[in-house]
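Peer 1: A single structure is presented below for examination.
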Amino acid sequence: MASEKTEREEKDTIYLVPHTHYDAIWVFTKEDYFYINMVPILKEVAELVEKTDYKFLIEQTFLLEEMEKRYPEVYTSIAKSIKEGAIEIVDGEYLMADTMLPEGETLIREILLGKRYVKEKFGVDVPVMWQADSFGLNAQLPQIYKKSGYRYVAFRRGVSERKPSEFLWEGLDGTRILAHWMPLGYRAGLDLTKLEESYEKLKDVAVTSRILMPSGSGVTVPQPETPEAVKAWNEKKGEVTEMKIATPGEFFEALEDEIEEKKLKMNVRKGEMYSGKYSEVFPNCCSSRMWLKQILCWYESWLICCERWGTINYLLNNPYPSEEARICWRKILYIAFHDVAPGTGMDEGYDEVRHFRSFFNTEMTARCRRILTQVIEAESEEGVEPKNIPMLLLMMHGYGDIIVFNSLSWEVKNWIEMDLNFDRGKLVTINGLKSGEEEIDVEVIKFARYEDDSLRYARIGFVPSVPAMGYKLYKILEREPKRYRYDPNFIMIRGNTIENRFFGVDVDPATGLIDVSLDGGKVERERICTANELVLEEETGDLYYHRETLGIPLKTEKGEGVKYGSFRVENFYITKSPLRRVINVETDYFSLRWPYRLTEKLEPLIWRHKFLECSKKIIVYRDIPRIDFITTIVDKHPRARLRVRFSTDMKSLVYACGSQFGVVSRPTDLWHYKPKEKWAEEPCGVFPSLKWLDYSDGRNGLTVIHRGIPENEVRDGDVYLTLLRSVSMLSSDGRTGPAIPVPDAQELRRYVFSYSIYPHKGDWREASSYKHALEFNCSLDAVQLREEKKLPLKQSFLKIEPENVVLSALKKAEEGDEVILRFYETEGEETDAEITLFKEPKSVRPVNLLEEENEEVKKELKQEGKKIELMLKPFEIVTLKMDF
């Protein structure tokens with residue numbers, strides 16, 4: 001018996017997993033993929049499972065939802081097999097998201113929506129995360145997955161080490177999850193004639209005798225001969241290596257059992273999976289079809305903020321817009337899909353996303369305004385409880401006054417613009433705003449008057465300070481606001497230099513570039529960077545890869561590059577107000593100027609072939625330590641990459657990038673690295689970032705903030721953001737996909753890019769770079785009062801301290817009447833946090849990301865009245881369920 005047991009323990013077991021990978025769009029339309037997956041694939045799967053010992057997996061609930069409507073008989077058969085275990089739901093997301101580009105909150109909603117559907121329809125859990133095709137995995141996924149009920153993760157892309165294929169993956173917060181990397185991708189067992197060859201390669205890197213062999217690919221029909229192939233294998237080799245048709249869950253359970261039985265010490269790998277050494281992660285898709293990245297960023301932020309105010313409104317006894325929120329989130333989750341957000345599909349696949357833009361721009365605008373109006377009504381005289389609001393703060397506010405809303409969990413001081421409309425004779429001029437004792441300046445950007453010279457319309461800009469997750473009221477002043485003798489803020493121009501208390505900005509009118517320097521204290525200002533230089537480069541690549549042959553730019557605004565072309569400044573001027581200076585630069589790029597030789601001593605006389613039109617606004621504020629850039633590009637230049645460069649003298653081997661629920665460190669100068677061994681994908685130096693990146697030498701630093709411009713690189717001390725890439729092929733060589741022309745991806749259109757820099761002392765932690773990035777991306781909102789209201793002067797509905805603990809979600813629970821509050825620590829420091837609410841909850845309970853209580857998320861917390869105190873580990877995500 002003992003020898004038989006030893007023989008069984010030493011025998012390998014191959015878990016052959018039949019599957020297909022579902023793409024919502026890619027090289028076919030959404031309708032094509034529905035048909036292919038439902039009829040030729042899953043209908044056949046249902047019959048095979050019913051008649052044989054065949055097994056299968058299904059990834060995404062988006063497909064199942066649609067199948068239930070279109071093919072109810074097939075759906076019923078599939079549902080029966082899921083409940084019986086012959087078909088396993090793995091991944092279980094609504095749609096398999098790209099994990100590098102969307103917000104962390106979006107990734108949670110993909111899982112939440114998908115897993116709730118699976119539980120409701122089939123009564124089963126989804127313990128296996130199956131990342132078959134996402135282009136790399138972010139560093140917080142172990143925590144997200146474990147807190148979403150996953151026990152295991154199998155994935156295809158991003159490892160930097162080939163051996164072993166099984167390991168413990170550790171996230172930023174220290175959470176570990178049992179992981180399997182697919183060494184041969186998800187096609188290891190697709191060719192049933194080469195199973196032995198695949199087995200030998202997989203065995204070489206496996207930790208145990210359990211071998212996972214995926215047998216499928218994208219939109220691949222099931223192979224009815226699979227059971228016979230497995231039977232033939234076992235007849236020939238079964239005494240040494242057994243093969244069975246299985247599901248991923250069976251593999252992982254056996255793997256876990258063997259690890260525990262043999263007490264194996266598992267290898268631990270930390271952080272993100274984003275290396276191209278053994279599998280492609282396609283970093284350049286972060287700049288394909290840039291409009292997709294922009295709308296994902298804009299609409300995620302918009303929806304998350306609207307959801308927060310909808311929850312405040314709900315707590316003020318108004319209805320919660322559950323169905324409206326659900327509709328909006330489904331559209332965001334579609335955009336976040338791993339072939340939508342990266343932009344790697346054919347042109348027609350994105351038609352539906354274009355329609356989403358008009359939906360958000362109309363429907364969401366109206367919904368957000370309606371919610372804020374309801375909050376105002378609830379807070380007005382009828383909704384205010386005098387015992388909670390000091391009488392000093394209760395003020396009568398009248399027609400034309402302004403209420404400003406802040407959606408972040410700390411007090412925010414930021415620039416805001418708004419439009420005001422007035423009845424005839426009500427107001428003649430606007431010179432300032434007043435809130436209690438505070439009086440602030442206003443910039444009137446444009447206006448229109450009635451015939452009697454009273455104001456009919458005005459667009460104004462100002463810099464209010466608004467309480468955490470709250471609002472503040474301002475009255476319009478027709479007189480000048482009070483001046484404070486000891487106000488440290490100032491802004492002034494000396495020649496071509498703009499100065500405020502934060503930095504100096506030297507402007508070169510010949511190029512439109514600026515040099516930014518920080519106050520050096522007792523010494524002169526120290527230069528931080530030359531900023532906002534456009535760099536035009538050759539582009540011979542496709543949607544997946546940037547390629548170039550020149551090795552130098554086509555042209556930069558400093559004049560580097562090919563001799564023939566050049567940028568030319570067409571217009572330059574500076575506008576000023578008490579609050580800011582705006583440098584306006586209009587620049588065009590010409591592919592040919594003449595003379596193009598002896599240019600160091602001959603001025604150009606003829607300019608031809610204008611293929612770029614650039615309009616830049618560079619905004620320096622009196623009261624804000626950022627410099628904002630609004631760059632408008634009219635692109636007529638095919639086969640080009642356009643980047644913006646910030647040149648520094650700093651030197652560092654690494655830089656920091658904002659990521660989902662945290663910050664990751666990335667190498668600089670990777671463009672220069674030429675590996676000795678062959679990589680699946682040669683390092684190119686570019687990476688994605690979420691909202692910001694920071695390059696620092698420890699003494700000084702530069703935070704570059706962006707709104708939907710994720711691709712970045714740090715090379716030779718210079719920081720680059722990629723604005724766009726003009727390509728004409730989905731895959732130029734037919735290797736990463738079909739060689740399909742994609743004329744729309746040439747980006748021959750008008751773009752508006754918003755980004756910012758925050759020069760600072762010290763590193764990103766000392767500078768709170770993440771805070772400035774969130775303020776740039778989560779704008780203040782404002783409403784003009786149209787009638788008299790008795791309102792508190794200011795109000796904070798939710799405050800989280802200290803500021804390195806960041807609000808992620810405030811929403812109504814998916815079930816019941818409770819409220820979900822989610823937040824995370826973002827500096828990598830253990831932190832004692834205090835949450836202050838505007839009303840006292842009856843109970844507060846920690847829950848997981850599925851809004852369920854369990855042992856893994858139990859946490860000590862202290863609640864006294866409206867305050868909650870608890871400790872967060874570095875980079876920890878905490879979710880609380882509150883009953884009011």
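Ordered as shown in the structure tokens, chains take letters A, B, and onward, while each chain numbers its residues from 1 and ligands are numbered from 1 in the order shown.
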Using only C-alpha atoms, what does the table of region 541-577 of chain A residues within 12 Å of region 437-454 of chain A look like, with each row giving the shortest atom pair and its distance in Å to one decimal, sorted by chain and ascending number, as JSON lines?
Peer 2:
{"residue": "A:Thr575", "atom": "CA", "partner": "A:Ile445", "partner_atom": "CA", "distance": 10.6}
{"residue": "A:Lys576", "atom": "CA", "partner": "A:Glu443", "partner_atom": "CA", "distance": 9.2}
{"residue": "A:Ser577", "atom": "CA", "partner": "A:Glu443", "partner_atom": "CA", "distance": 6.1}
Peer 1: Work out how far apart CA of Asp623 (chain A) and CA of Leu303 (chain A) are and give it in Å to one decimal.
Peer 2: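 If I compute the distance from CA of Asp623 (chain A) to CA of Leu303 (chain A), I get 28.3 Å.
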Peer 1: Please list as a list in words every residue within 10 Å of Val27 (chain A), counting only C-alpha atoms and excluding residues in the same chain fewer than 6 positions away.
Peer 2: Tyr33, Asp339, Thr344, Gly345, Met346, Asp347, Glu348, Gly349, Leu730, Gly737, Pro738, Ala739 and Ile740 of chain A
Peer 1: Those same residues - all heavy atoms - I'd like them written as a JSON list (two decimals), in the first residue's frame.
Peer 2:
[["chain", "number", "residue", "atom", "x", "y", "z"],
["A", 33, "TYR", "N", -19.49, 39.07, -32.25],
["A", 33, "TYR", "CA", -18.99, 38.28, -31.11],
["A", 33, "TYR", "C", -20.14, 37.63, -30.34],
["A", 33, "TYR", "O", -19.99, 36.51, -29.84],
["A", 33, "TYR", "CB", -18.14, 39.15, -30.19],
["A", 33, "TYR", "CG", -16.71, 39.31, -30.68],
["A", 33, "TYR", "CD1", -16.21, 40.57, -30.99],
["A", 33, "TYR", "CD2", -15.88, 38.22, -30.80],
["A", 33, "TYR", "CE1", -14.91, 40.73, -31.43],
["A", 33, "TYR", "CE2", -14.56, 38.37, -31.24],
["A", 33, "TYR", "CZ", -14.08, 39.62, -31.56],
["A", 33, "TYR", "OH", -12.79, 39.76, -32.00],
["A", 339, "ASP", "N", -10.19, 45.52, -24.45],
["A", 339, "ASP", "CA", -9.92, 45.91, -25.84],
["A", 339, "ASP", "C", -10.62, 47.21, -26.21],
["A", 339, "ASP", "O", -10.50, 47.67, -27.35],
["A", 339, "ASP", "CB", -10.37, 44.80, -26.81],
["A", 339, "ASP", "CG", -9.31, 43.71, -26.95],
["A", 339, "ASP", "OD1", -8.13, 44.05, -27.10],
["A", 339, "ASP", "OD2", -9.67, 42.52, -26.87],
["A", 344, "THR", "N", -7.39, 48.88, -28.97],
["A", 344, "THR", "CA", -6.66, 47.97, -29.85],
["A", 344, "THR", "C", -7.55, 47.22, -30.84],
["A", 344, "THR", "O", -7.11, 46.24, -31.44],
["A", 344, "THR", "CB", -5.88, 46.95, -29.01],
["A", 344, "THR", "OG1", -6.75, 46.43, -27.99],
["A", 344, "THR", "CG2", -4.68, 47.60, -28.35],
["A", 345, "GLY", "N", -8.79, 47.66, -31.02],
["A", 345, "GLY", "CA", -9.69, 46.98, -31.94],
["A", 345, "GLY", "C", -9.87, 47.74, -33.25],
["A", 345, "GLY", "O", -9.30, 48.81, -33.46],
["A", 346, "MET", "N", -10.70, 47.17, -34.12],
["A", 346, "MET", "CA", -11.00, 47.82, -35.40],
["A", 346, "MET", "C", -11.88, 49.05, -35.18],
["A", 346, "MET", "O", -12.53, 49.20, -34.15],
["A", 346, "MET", "CB", -11.71, 46.83, -36.32],
["A", 346, "MET", "CG", -13.06, 46.38, -35.81],
["A", 346, "MET", "SD", -13.95, 45.40, -37.01],
["A", 346, "MET", "CE", -15.55, 45.32, -36.20],
["A", 347, "ASP", "N", -11.91, 49.92, -36.17],
["A", 347, "ASP", "CA", -12.60, 51.21, -36.03],
["A", 347, "ASP", "C", -14.06, 51.07, -35.63],
["A", 347, "ASP", "O", -14.56, 51.76, -34.73],
["A", 347, "ASP", "CB", -12.51, 52.00, -37.34],
["A", 347, "ASP", "CG", -11.11, 52.56, -37.59],
["A", 347, "ASP", "OD1", -10.27, 52.50, -36.66],
["A", 347, "ASP", "OD2", -10.87, 53.05, -38.71],
["A", 348, "GLU", "N", -14.80, 50.17, -36.32],
["A", 348, "GLU", "CA", -16.24, 50.08, -36.11],
["A", 348, "GLU", "C", -16.60, 49.67, -34.69],
["A", 348, "GLU", "O", -17.71, 49.94, -34.22],
["A", 348, "GLU", "CB", -16.87, 49.07, -37.09],
["A", 348, "GLU", "CG", -16.79, 49.49, -38.55],
["A", 348, "GLU", "CD", -15.51, 49.02, -39.23],
["A", 348, "GLU", "OE1", -14.50, 48.78, -38.53],
["A", 348, "GLU", "OE2", -15.52, 48.90, -40.46],
["A", 349, "GLY", "N", -15.68, 49.02, -34.00],
["A", 349, "GLY", "CA", -15.96, 48.55, -32.65],
["A", 349, "GLY", "C", -16.22, 49.66, -31.66],
["A", 349, "GLY", "O", -16.80, 49.43, -30.60],
["A", 730, "LEU", "N", -4.19, 47.98, -37.41],
["A", 730, "LEU", "CA", -4.41, 47.33, -36.12],
["A", 730, "LEU", "C", -3.15, 46.59, -35.71],
["A", 730, "LEU", "O", -2.64, 46.76, -34.59],
["A", 730, "LEU", "CB", -5.60, 46.37, -36.21],
["A", 730, "LEU", "CG", -6.08, 45.71, -34.93],
["A", 730, "LEU", "CD1", -7.59, 45.50, -34.96],
["A", 730, "LEU", "CD2", -5.39, 44.38, -34.67],
["A", 737, "GLY", "N", -2.34, 40.57, -34.10],
["A", 737, "GLY", "CA", -3.73, 40.52, -34.55],
["A", 737, "GLY", "C", -3.75, 40.62, -36.06],
["A", 737, "GLY", "O", -2.70, 40.71, -36.71],
["A", 738, "PRO", "N", -4.93, 40.61, -36.67],
["A", 738, "PRO", "CA", -5.02, 40.72, -38.13],
["A", 738, "PRO", "C", -4.50, 42.07, -38.62],
["A", 738, "PRO", "O", -4.58, 43.08, -37.91],
["A", 738, "PRO", "CB", -6.52, 40.59, -38.40],
["A", 738, "PRO", "CG", -7.12, 40.03, -37.16],
["A", 738, "PRO", "CD", -6.25, 40.47, -36.03],
["A", 739, "ALA", "N", -3.97, 42.08, -39.83],
["A", 739, "ALA", "CA", -3.46, 43.31, -40.44],
["A", 739, "ALA", "C", -4.64, 44.08, -41.05],
["A", 739, "ALA", "O", -4.83, 44.12, -42.26],
["A", 739, "ALA", "CB", -2.41, 42.99, -41.49],
["A", 740, "ILE", "N", -5.43, 44.69, -40.16],
["A", 740, "ILE", "CA", -6.65, 45.41, -40.57],
["A", 740, "ILE", "C", -6.36, 46.92, -40.59],
["A", 740, "ILE", "O", -5.88, 47.47, -39.59],
["A", 740, "ILE", "CB", -7.80, 45.13, -39.58],
["A", 740, "ILE", "CG1", -8.14, 43.63, -39.57],
["A", 740, "ILE", "CG2", -9.03, 45.95, -39.93],
["A", 740, "ILE", "CD1", -9.15, 43.25, -38.50]]
Peer 1: Measuring between only C-alpha atoms, which one of A:Asp506, A:Val221, A:Tyr471, A:Ser358 shows the shortest distance to Arg494 (chain A)?
Peer 2: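 When distances to Arg494 (chain A) are compared using only C-alpha atoms, the smallest one comes from A:Asp506.
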